[in-house]
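S.K.: Input file: target-v3.pdb. Contents: PDB, C-alpha atoms and all ligand atoms.
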```
ATOM      1  CA  MET Y   1       0.000   0.000   0.000
ATOM      2  CA  SER Y   2       1.372   3.398  -0.848
ATOM      3  CA  GLN Y   3       2.172   5.590   2.127
ATOM      4  CA  LYS Y   4       1.715   9.331   2.557
ATOM      5  CA  VAL Y   5       3.935  11.853   4.299
ATOM      6  CA  THR Y   6       1.811  13.631   6.914
ATOM      7  CA  LYS Y   7       4.361  14.530   9.595
ATOM      8  CA  ALA Y   8       7.382  16.814   9.593
ATOM      9  CA  VAL Y   9      10.170  17.055  12.148
ATOM     10  CA  PHE Y  10      11.833  20.418  12.765
ATOM     11  CA  PRO Y  11      15.050  20.018  14.756
ATOM     12  CA  VAL Y  12      15.310  23.390  16.511
ATOM     13  CA  ALA Y  13      17.300  22.638  19.645
ATOM     14  CA  GLY Y  14      20.623  24.118  18.415
ATOM     15  CA  LEU Y  15      22.224  27.037  20.230
ATOM     16  CA  GLY Y  16      22.634  29.329  17.244
ATOM     17  CA  THR Y  17      26.071  30.526  18.316
ATOM     18  CA  ARG Y  18      26.873  31.772  14.799
ATOM     19  CA  PHE Y  19      24.378  34.590  15.329
ATOM     20  CA  LEU Y  20      25.462  35.795  18.750
ATOM     21  CA  PRO Y  21      24.732  38.255  20.213
ATOM     22  CA  ALA Y  22      21.347  38.270  18.381
ATOM     23  CA  THR Y  23      20.598  34.737  19.570
ATOM     24  CA  LYS Y  24      21.518  35.165  23.222
ATOM     25  CA  ALA Y  25      17.888  35.439  24.329
ATOM     26  CA  ILE Y  26      15.946  34.514  21.183
ATOM     27  CA  ALA Y  27      15.946  31.315  19.134
ATOM     28  CA  LYS Y  28      17.862  31.567  15.841
ATOM     29  CA  GLU Y  29      14.787  30.086  14.129
ATOM     30  CA  MET Y  30      12.890  33.245  15.124
ATOM     31  CA  LEU Y  31      15.232  35.549  13.171
ATOM     32  CA  PRO Y  32      13.088  37.201  10.508
ATOM     33  CA  VAL Y  33      13.656  37.175   6.784
ATOM     34  CA  VAL Y  34      11.867  40.396   5.803
ATOM     35  CA  ASP Y  35       8.874  40.014   8.135
ATOM     36  CA  LYS Y  36       8.541  36.327   8.939
ATOM     37  CA  PRO Y  37      10.643  34.160  11.224
ATOM     38  CA  LEU Y  38      12.637  31.367   9.590
ATOM     39  CA  ILE Y  39      10.603  28.711  11.379
ATOM     40  CA  GLN Y  40       7.389  30.013   9.854
ATOM     41  CA  TYR Y  41       8.775  29.695   6.322
ATOM     42  CA  ALA Y  42       9.668  26.084   7.164
ATOM     43  CA  VAL Y  43       6.196  25.307   8.540
ATOM     44  CA  GLU Y  44       4.516  26.961   5.540
ATOM     45  CA  GLU Y  45       6.618  24.799   3.222
ATOM     46  CA  ALA Y  46       5.432  21.691   5.093
ATOM     47  CA  VAL Y  47       1.793  22.802   4.971
ATOM     48  CA  ALA Y  48       2.120  23.423   1.213
ATOM     49  CA  ALA Y  49       3.330  19.821   0.906
ATOM     50  CA  GLY Y  50       0.136  18.525   2.549
ATOM     51  CA  ILE Y  51       1.772  17.818   5.910
ATOM     52  CA  ASP Y  52      -0.535  18.316   8.905
ATOM     53  CA  THR Y  53       1.541  17.388  11.961
ATOM     54  CA  MET Y  54       4.503  19.580  12.849
ATOM     55  CA  ILE Y  55       6.896  18.082  15.391
ATOM     56  CA  PHE Y  56       9.445  20.444  16.889
ATOM     57  CA  ILE Y  57      12.491  19.092  18.679
ATOM     58  CA  THR Y  58      13.286  21.942  21.025
ATOM     59  CA  SER Y  59      15.477  22.759  24.012
ATOM     60  CA  ARG Y  60      15.248  24.896  27.145
ATOM     61  CA  SER Y  61      15.841  28.221  25.429
ATOM     62  CA  LYS Y  62      13.300  27.716  22.614
ATOM     63  CA  ASN Y  63       9.950  28.354  24.299
ATOM     64  CA  VAL Y  64       9.454  31.377  22.068
ATOM     65  CA  ILE Y  65       8.837  28.953  19.179
ATOM     66  CA  ILE Y  66       5.994  27.356  21.152
ATOM     67  CA  ASP Y  67       4.565  30.824  21.775
ATOM     68  CA  HIS Y  68       4.786  31.709  18.089
ATOM     69  CA  PHE Y  69       2.541  28.804  17.114
ATOM     70  CA  ASP Y  70       0.079  29.349  19.961
ATOM     71  CA  LYS Y  71      -3.084  31.456  19.732
ATOM     72  CA  ALA Y  72      -2.438  35.048  20.881
ATOM     73  CA  HIS Y  73      -5.862  35.814  22.422
ATOM     74  CA  GLU Y  74      -5.054  39.307  23.746
ATOM     75  CA  LEU Y  75      -3.454  40.467  20.528
ATOM     76  CA  GLU Y  76      -6.330  39.039  18.464
ATOM     77  CA  SER Y  77      -8.986  40.802  20.594
ATOM     78  CA  GLU Y  78      -7.035  44.047  20.405
ATOM     79  CA  LEU Y  79      -6.774  43.905  16.608
ATOM     80  CA  GLU Y  80     -10.430  42.889  16.333
ATOM     81  CA  ALA Y  81     -11.519  45.809  18.492
ATOM     82  CA  LYS Y  82      -9.501  48.196  16.320
ATOM     83  CA  ASN Y  83     -10.831  46.633  13.113
ATOM     84  CA  LYS Y  84      -7.323  45.826  11.871
ATOM     85  CA  THR Y  85      -8.513  42.993   9.660
ATOM     86  CA  GLU Y  86      -5.355  42.591   7.556
ATOM     87  CA  LEU Y  87      -3.105  42.257  10.586
ATOM     88  CA  LEU Y  88      -5.588  39.912  12.195
ATOM     89  CA  ALA Y  89      -5.494  37.666   9.118
ATOM     90  CA  ILE Y  90      -1.678  37.620   9.215
ATOM     91  CA  LEU Y  91      -1.763  36.674  12.879
ATOM     92  CA  LYS Y  92      -4.343  33.935  12.431
ATOM     93  CA  GLY Y  93      -2.521  32.606   9.375
ATOM     94  CA  ILE Y  94       0.467  31.575  11.515
ATOM     95  CA  VAL Y  95      -1.517  28.566  12.750
ATOM     96  CA  PRO Y  96      -3.309  27.080   9.752
ATOM     97  CA  PRO Y  97      -6.551  25.180  10.369
ATOM     98  CA  ASN Y  98      -6.279  21.400  10.783
ATOM     99  CA  VAL Y  99      -2.564  21.525  11.567
ATOM    100  CA  SER Y 100      -1.279  20.090  14.868
ATOM    101  CA  PHE Y 101       1.863  21.177  16.640
ATOM    102  CA  VAL Y 102       3.833  18.828  18.859
ATOM    103  CA  PHE Y 103       6.805  19.940  20.943
ATOM    104  CA  ILE Y 104       9.412  17.521  22.255
ATOM    105  CA  ARG Y 105      12.382  18.517  24.380
ATOM    106  CA  GLN Y 106      15.802  17.229  23.370
ATOM    107  CA  ALA Y 107      17.415  17.212  26.791
ATOM    108  CA  GLU Y 108      20.964  16.903  25.479
ATOM    109  CA  ALA Y 109      22.384  18.301  22.229
ATOM    110  CA  LEU Y 110      23.744  14.999  20.890
ATOM    111  CA  GLY Y 111      23.380  15.738  17.178
ATOM    112  CA  LEU Y 112      20.877  15.763  14.315
ATOM    113  CA  GLY Y 113      20.399  11.976  14.332
ATOM    114  CA  HIS Y 114      19.586  12.050  18.026
ATOM    115  CA  ALA Y 115      17.191  14.987  17.519
ATOM    116  CA  VAL Y 116      15.292  13.119  14.787
ATOM    117  CA  ASN Y 117      15.105  10.023  16.988
ATOM    118  CA  CYS Y 118      13.345  12.096  19.682
ATOM    119  CA  ALA Y 119      10.347  12.240  17.311
ATOM    120  CA  ARG Y 120      10.049   8.443  17.085
ATOM    121  CA  PRO Y 121       7.152   8.036  19.584
ATOM    122  CA  VAL Y 122       5.057  10.544  17.597
ATOM    123  CA  ILE Y 123       6.005   9.303  14.121
ATOM    124  CA  GLY Y 124       5.436   5.598  14.682
ATOM    125  CA  ASP Y 125       5.644   3.452  11.566
ATOM    126  CA  GLU Y 126       5.211   6.083   8.850
ATOM    127  CA  PRO Y 127       7.460   7.904   6.418
ATOM    128  CA  PHE Y 128       8.122  11.479   7.549
ATOM    129  CA  ALA Y 129       9.801  14.714   6.512
ATOM    130  CA  VAL Y 130      12.677  16.503   8.210
ATOM    131  CA  ILE Y 131      13.071  20.226   7.573
ATOM    132  CA  LEU Y 132      16.022  22.260   8.856
ATOM    133  CA  PRO Y 133      14.719  25.844   9.066
ATOM    134  CA  ASP Y 134      18.233  27.316   8.580
ATOM    135  CA  ASP Y 135      18.048  26.208   4.972
ATOM    136  CA  MET Y 136      15.357  28.290   3.375
ATOM    137  CA  VAL Y 137      14.239  27.315  -0.125
ATOM    138  CA  GLU Y 138      12.320  29.676  -2.376
ATOM    139  CA  ASP Y 139      10.967  28.102  -5.540
ATOM    140  CA  GLY Y 140       8.309  30.653  -6.371
ATOM    141  CA  THR Y 141       5.565  28.019  -6.563
ATOM    142  CA  ARG Y 142       4.736  24.877  -4.610
ATOM    143  CA  GLY Y 143       7.834  24.627  -2.373
ATOM    144  CA  CYS Y 144      10.740  22.224  -2.093
ATOM    145  CA  MET Y 145       9.047  19.727   0.251
ATOM    146  CA  SER Y 146       6.045  19.588  -2.042
ATOM    147  CA  GLN Y 147       8.335  18.534  -4.891
ATOM    148  CA  MET Y 148       9.855  15.840  -2.688
ATOM    149  CA  VAL Y 149       6.485  14.556  -1.441
ATOM    150  CA  GLU Y 150       5.404  14.211  -5.065
ATOM    151  CA  LEU Y 151       8.478  12.128  -5.854
ATOM    152  CA  PHE Y 152       7.921  10.062  -2.709
ATOM    153  CA  ALA Y 153       4.354   9.295  -3.798
ATOM    154  CA  GLU Y 154       5.866   7.633  -6.862
ATOM    155  CA  LYS Y 155       9.012   6.013  -5.394
ATOM    156  CA  GLN Y 156       7.986   5.156  -1.787
ATOM    157  CA  THR Y 157      11.587   5.346  -0.596
ATOM    158  CA  SER Y 158      13.753   7.831   1.350
ATOM    159  CA  ILE Y 159      14.689  11.035  -0.488
ATOM    160  CA  LEU Y 160      17.250  13.719   0.357
ATOM    161  CA  GLY Y 161      17.128  17.236  -1.096
ATOM    162  CA  VAL Y 162      20.522  18.032  -2.653
ATOM    163  CA  GLU Y 163      22.299  20.784  -4.538
ATOM    164  CA  ARG Y 164      25.751  21.421  -5.994
ATOM    165  CA  VAL Y 165      27.944  23.516  -3.694
ATOM    166  CA  ASN Y 166      31.334  25.144  -4.079
ATOM    167  CA  PRO Y 167      33.817  22.214  -3.840
ATOM    168  CA  ALA Y 168      35.700  24.154  -1.157
ATOM    169  CA  ASP Y 169      32.622  23.977   1.108
ATOM    170  CA  THR Y 170      32.060  20.212   1.305
ATOM    171  CA  GLY Y 171      33.192  20.251   4.948
ATOM    172  CA  SER Y 172      29.928  21.996   5.901
ATOM    173  CA  TYR Y 173      27.552  19.376   4.487
ATOM    174  CA  GLY Y 174      26.562  15.778   4.122
ATOM    175  CA  ILE Y 175      27.930  14.912   0.658
ATOM    176  CA  VAL Y 176      26.530  12.237  -1.640
ATOM    177  CA  LYS Y 177      27.761  10.403  -4.709
ATOM    178  CA  THR Y 178      25.280   9.318  -7.358
ATOM    179  CA  PRO Y 179      25.632   7.917 -10.878
ATOM    180  CA  GLU Y 180      25.442  10.429 -13.750
ATOM    181  CA  THR Y 181      21.865  10.859 -14.926
ATOM    182  CA  SER Y 182      19.688  13.269 -16.847
ATOM    183  CA  GLU Y 183      16.905  12.806 -14.253
ATOM    184  CA  LYS Y 184      16.483  15.170 -11.316
ATOM    185  CA  TYR Y 185      16.924  12.251  -8.916
ATOM    186  CA  ALA Y 186      19.299   9.308  -8.555
ATOM    187  CA  LYS Y 187      19.992   6.490  -6.126
ATOM    188  CA  ILE Y 188      22.766   7.452  -3.708
ATOM    189  CA  ASP Y 189      25.847   5.191  -3.763
ATOM    190  CA  VAL Y 190      27.801   6.941  -1.023
ATOM    191  CA  ILE Y 191      26.995   9.497   1.682
ATOM    192  CA  VAL Y 192      29.502  11.032   4.056
ATOM    193  CA  GLU Y 193      29.161  13.750   6.682
ATOM    194  CA  LYS Y 194      31.261  16.886   6.245
ATOM    195  CA  PRO Y 195      34.201  15.503   4.243
ATOM    196  CA  LYS Y 196      37.176  17.766   3.581
ATOM    197  CA  PRO Y 197      37.360  18.828  -0.096
ATOM    198  CA  GLU Y 198      40.377  16.543  -0.724
ATOM    199  CA  VAL Y 199      38.384  13.438   0.190
ATOM    200  CA  ALA Y 200      34.827  14.481  -0.752
ATOM    201  CA  PRO Y 201      33.179  12.002  -3.156
ATOM    202  CA  SER Y 202      31.536  14.917  -5.054
ATOM    203  CA  ASN Y 203      30.184  18.407  -4.434
ATOM    204  CA  LEU Y 204      26.542  17.288  -4.276
ATOM    205  CA  ALA Y 205      25.424  18.434  -0.835
ATOM    206  CA  VAL Y 206      22.466  17.427   1.295
ATOM    207  CA  VAL Y 207      20.554  20.521   2.306
ATOM    208  CA  GLY Y 208      18.057  20.509   5.131
ATOM    209  CA  ARG Y 209      15.250  18.546   3.417
ATOM    210  CA  TYR Y 210      14.700  14.833   3.962
ATOM    211  CA  ILE Y 211      11.896  12.320   3.561
ATOM    212  CA  LEU Y 212      12.773   9.202   5.529
ATOM    213  CA  THR Y 213      11.176   5.818   5.981
ATOM    214  CA  PRO Y 214      10.634   4.769   9.616
ATOM    215  CA  ALA Y 215      13.424   2.174   9.227
ATOM    216  CA  ILE Y 216      15.781   5.094   9.946
ATOM    217  CA  PHE Y 217      14.954   4.941  13.669
ATOM    218  CA  ASP Y 218      16.564   1.541  14.275
ATOM    219  CA  LYS Y 219      19.547   2.726  12.281
ATOM    220  CA  ILE Y 220      19.910   5.851  14.438
ATOM    221  CA  LYS Y 221      19.726   3.665  17.547
ATOM    222  CA  ASN Y 222      22.770   1.765  16.295
ATOM    223  CA  THR Y 223      24.686   4.859  15.156
ATOM    224  CA  GLY Y 224      27.670   5.825  17.303
ATOM    225  CA  ARG Y 225      29.190   9.280  17.563
ATOM    226  CA  GLY Y 226      30.414  10.531  14.215
ATOM    227  CA  ALA Y 227      31.723  13.851  12.860
ATOM    228  CA  GLY Y 228      32.034  16.463  15.610
ATOM    229  CA  GLY Y 229      31.378  13.769  18.247
ATOM    230  CA  GLU Y 230      27.654  13.862  17.418
ATOM    231  CA  ILE Y 231      25.114  11.199  16.465
ATOM    232  CA  GLN Y 232      24.823  12.077  12.796
ATOM    233  CA  LEU Y 233      21.692  11.543  10.707
ATOM    234  CA  THR Y 234      24.018  11.122   7.709
ATOM    235  CA  ASP Y 235      25.671   8.051   9.284
ATOM    236  CA  ALA Y 236      22.273   6.480  10.003
ATOM    237  CA  ILE Y 237      21.266   7.138   6.364
ATOM    238  CA  ALA Y 238      24.489   5.420   5.201
ATOM    239  CA  ASP Y 239      23.407   2.395   7.245
ATOM    240  CA  LEU Y 240      19.845   2.575   5.861
ATOM    241  CA  MET Y 241      21.267   2.468   2.324
ATOM    242  CA  LYS Y 242      22.434  -1.125   2.989
ATOM    243  CA  ASP Y 243      18.758  -2.183   3.165
ATOM    244  CA  GLU Y 244      16.816   0.348   1.078
ATOM    245  CA  ASP Y 245      17.351   2.720  -1.833
ATOM    246  CA  VAL Y 246      17.863   6.316  -0.788
ATOM    247  CA  LEU Y 247      17.423   8.908  -3.518
ATOM    248  CA  ALA Y 248      19.107  12.281  -3.961
ATOM    249  CA  TYR Y 249      16.762  14.839  -5.493
ATOM    250  CA  GLU Y 250      18.013  18.070  -7.072
ATOM    251  CA  PHE Y 251      15.109  20.327  -6.194
ATOM    252  CA  GLU Y 252      13.946  23.349  -8.152
ATOM    253  CA  GLY Y 253      14.372  26.689  -6.441
ATOM    254  CA  LYS Y 254      17.026  28.667  -4.658
ATOM    255  CA  ARG Y 255      18.387  27.719  -1.262
ATOM    256  CA  TYR Y 256      19.531  30.360   1.195
ATOM    257  CA  ASP Y 257      21.905  29.289   3.943
ATOM    258  CA  CYS Y 258      20.279  31.321   6.690
ATOM    259  CA  GLY Y 259      22.476  29.630   9.287
ATOM    260  CA  ALA Y 260      25.323  31.899   8.097
ATOM    261  CA  LYS Y 261      25.382  35.690   8.195
ATOM    262  CA  LEU Y 262      25.994  36.174   4.483
ATOM    263  CA  GLY Y 263      23.272  33.717   3.408
ATOM    264  CA  PHE Y 264      20.864  35.336   5.851
ATOM    265  CA  LEU Y 265      21.554  38.805   4.432
ATOM    266  CA  VAL Y 266      21.207  37.548   0.851
ATOM    267  CA  ALA Y 267      17.849  35.954   1.743
ATOM    268  CA  ASN Y 268      16.609  39.227   3.221
ATOM    269  CA  VAL Y 269      17.627  41.216   0.148
ATOM    270  CA  GLU Y 270      16.223  38.739  -2.374
ATOM    271  CA  LEU Y 271      12.961  38.139  -0.538
ATOM    272  CA  ALA Y 272      12.473  41.871  -0.090
ATOM    273  CA  LEU Y 273      12.811  42.129  -3.881
ATOM    274  CA  LEU Y 274       9.977  39.588  -4.214
ATOM    275  CA  ASN Y 275       7.766  41.290  -1.648
ATOM    276  CA  THR Y 276       4.908  43.157  -3.353
ATOM    277  CA  GLU Y 277       4.763  45.845  -0.683
ATOM    278  CA  LEU Y 278       8.510  46.546  -0.612
ATOM    279  CA  LYS Y 279      10.006  45.650  -3.958
ATOM    280  CA  ASP Y 280       9.674  48.931  -5.857
ATOM    281  CA  ASN Y 281      11.055  51.178  -3.143
ATOM    282  CA  PHE Y 282      13.691  48.654  -2.172
ATOM    283  CA  LYS Y 283      14.867  48.225  -5.759
ATOM    284  CA  ALA Y 284      15.112  51.996  -6.190
ATOM    285  CA  TYR Y 285      17.132  52.190  -2.967
ATOM    286  CA  LEU Y 286      19.494  49.384  -4.065
ATOM    287  CA  LYS Y 287      20.040  50.961  -7.490
ATOM    288  CA  ASP Y 288      20.923  54.248  -5.855
ATOM    289  CA  LEU Y 289      23.217  52.530  -3.384
ATOM    290  CA  VAL Y 290      25.028  50.529  -6.069
ATOM    291  CA  SER Y 291      25.569  53.652  -8.181
ATOM    292  CA  LYS Y 292      27.634  55.059  -5.312
ATOM    293  CA  PHE Y 293      30.072  52.115  -5.209
TER     294      PHE Y 293
HETATM  295  C1  LIG Z 301      23.321  19.299   8.919
HETATM  296  C2  LIG Z 301      23.590  17.879   8.423
HETATM  297  C3  LIG Z 301      24.344  17.928   7.092
HETATM  298  C4  LIG Z 301      23.569  18.760   6.090
HETATM  299  C5  LIG Z 301      23.303  20.172   6.660
HETATM  300  C6  LIG Z 301      22.403  20.961   5.738
HETATM  301  O1  LIG Z 301      24.528  19.896   9.273
HETATM  302  O2  LIG Z 301      24.334  17.171   9.401
HETATM  303  O3  LIG Z 301      24.521  16.624   6.604
HETATM  304  O4  LIG Z 301      24.282  18.849   4.878
HETATM  305  O5  LIG Z 301      22.652  20.085   7.951
HETATM  306  O6  LIG Z 301      22.254  22.280   6.179
HETATM  307  P1  LIG Z 301      24.606  21.255  10.177
HETATM  308  O7  LIG Z 301      24.459  22.386   9.219
HETATM  309  O8  LIG Z 301      23.493  21.172  11.163
HETATM  310  O9  LIG Z 301      25.965  21.229  10.818
END
```
Reformat the file's structure so that it appears as structure tokens.
Ligand code: G1P

M.R.:
Amino acid sequence: MSQKVTKAVFPVAGLGTRFLPATKAIAKEMLPVVDKPLIQYAVEEAVAAGIDTMIFITSRSKNVIIDHFDKAHELESELEAKNKTELLAILKGIVPPNVSFVFIRQAEALGLGHAVNCARPVIGDEPFAVILPDDMVEDGTRGCMSQMVELFAEKQTSILGVERVNPADTGSYGIVKTPETSEKYAKIDVIVEKPKPEVAPSNLAVVGRYILTPAIFDKIKNTGRGAGGEIQLTDAIADLMKDEDVLAYEFEGKRYDCGAKLGFLVANVELALLNTELKDNFKAYLKDLVSKF
């Protein structure tokens, strides 16, 4: 019987040290790109893919994420009383109807594999998505996860979202090797976490989008500490590949590495240029600014 992806895991327990001091008291996932926090883009991408259960793997300092997806009664009444209907719609839109939110604490930061395993009691025996909110993907239409869910409907096997990166940057990513193909997807032969450029099997990098079969959980259980002393999802996927096909899918759209300052700034500029309210004035400002360089 063909299975559907209805649940997404958002590992959001990380400390966000790359954005200090901004992330001393707020979660890095709450940093806004234009006017929306990163985590909301990630949830909207999941909703667009037909996913209705959002599972957040959080930590002590991330309660603000729980608040963001809770109903804000006082604010809603205030906006209602003042007849601010547009703002009210924006506020209510944060929590789409028929979508459930589940929050699980990851008591110790033992790595991405460990974080994903924390969702096991809620996922059960179903395929599921993993979305890393740091990696924001803008495809202008249905969204990256939607593309992957469509492919999953056909293939019924694990799929990783991948893109070509600068060969000098392989040490920041899970890197896969696939046979040459004219298709947008291929079966992965090799996957390795954060290889140095000299030993990287390719420059095809896993970005923060996965659809995994539930068989991954037993694999994570048997995965020891890997790169950086952490329990790596990549290592568990390498183990899964011994039993099942895992596909790499080169998604359509542009990925912004919002976990790094430059990528975050680029995302803000490019999304502002797509924003109907801002784009004309912002473009005029940028043109003027560039003319002075
Ligand atoms: C994680 C994964 C890595 C993946 C990356 C994508 O690394 O471990 O395989 O390529 O996300 O952003 P992190 O960036 O959390 O160190």

S.K.: So which residues are near ligand LIG 301 (chain Z), meaning at most 6 Å away with all atoms listed in the file counted, given back as an MDAnalysis selection string?

M.R.: chainID Y and resid 135 173:174 193 205:208 234

S.K.: Applying the PyMOL selection byres (((chain Y and resi 50) around 8) and not hetatm) to the file I just gave you, which residues come out? Please list them as a count of residues only.

M.R.: 9

S.K.: Kindly indicate which residue among Y:Gln156, Y:Thr170, Y:Thr223, Y:Asn83 lies nearest to Ser202 (chain Y), using only C-alpha atoms for the distances.

M.R.: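 Of all the options, Y:Thr170 lies closest to Ser202 (chain Y).
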
S.K.: Fewer than 6 positions away in the same chain doesn't count, so skip those; otherwise give me all residues within 9 Å of region 282-288 of chain Y, counting only C-alpha atoms, as a PyMOL selection string.

M.R.: chain Y and resi 269+272-273

S.K.: Between CA of Gly263 (chain Y) and CA of Thr17 (chain Y), what is the distance in Å, rounded to a tenth?

M.R.: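 Answer for the CA of Gly263 (chain Y) to CA of Thr17 (chain Y) separation: 15.5 Å.
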
S.K.: On this structure, the PyMOL selection byres (((chain Y and resi 11-16) around 8) and not hetatm) would catch which residues? List them as a PyMOL selection string, sorted by chain and number.

M.R.: chain Y and resi 9-10+17-20+23+27-29+56-59+62+105-106+109+112+115-116+130-133+259

S.K.: Quick one: of Y:Asp169, Y:Asp134, Y:Glu108, Y:Glu45, who's nearest to Lys194 (chain Y), counting only C-alpha atoms?

M.R.: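 Once distances to Lys194 (chain Y) are computed over only C-alpha atoms, the minimum belongs to Y:Asp169.
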
S.K.: Quick one: of Y:Tyr249, Y:Tyr41, Y:Phe293, Y:Phe69, who's nearest to Tyr210 (chain Y), counting only C-alpha atoms?

M.R.: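 Result for the nearest residue to Tyr210 (chain Y): Y:Tyr249.
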
S.K.: For Cys144 (chain Y), find every residue with an atom within 7 Å (counting all atoms listed in the file), except residues of its own chain fewer than 4 positions away, and show them as a PyMOL selection string.

M.R.: chain Y and resi 137+139+148+251-252

S.K.: May I ask which of the residues Y:Leu289, Y:Glu250, Y:Val64, Y:Leu212 is the closest one to Glu126 (chain Y), counting all atoms listed in the file?

M.R.: Y:Leu212

S.K.: When distances are computed from all atoms listed in the file, which of Y:Met1, Y:Leu91, Y:Ala215, Y:Leu38 shows the smallest separation from Glu154 (chain Y)?

M.R.: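 Among Y:Met1, Y:Leu91, Y:Ala215, Y:Leu38, it is Y:Met1 that comes nearest to Glu154 (chain Y).
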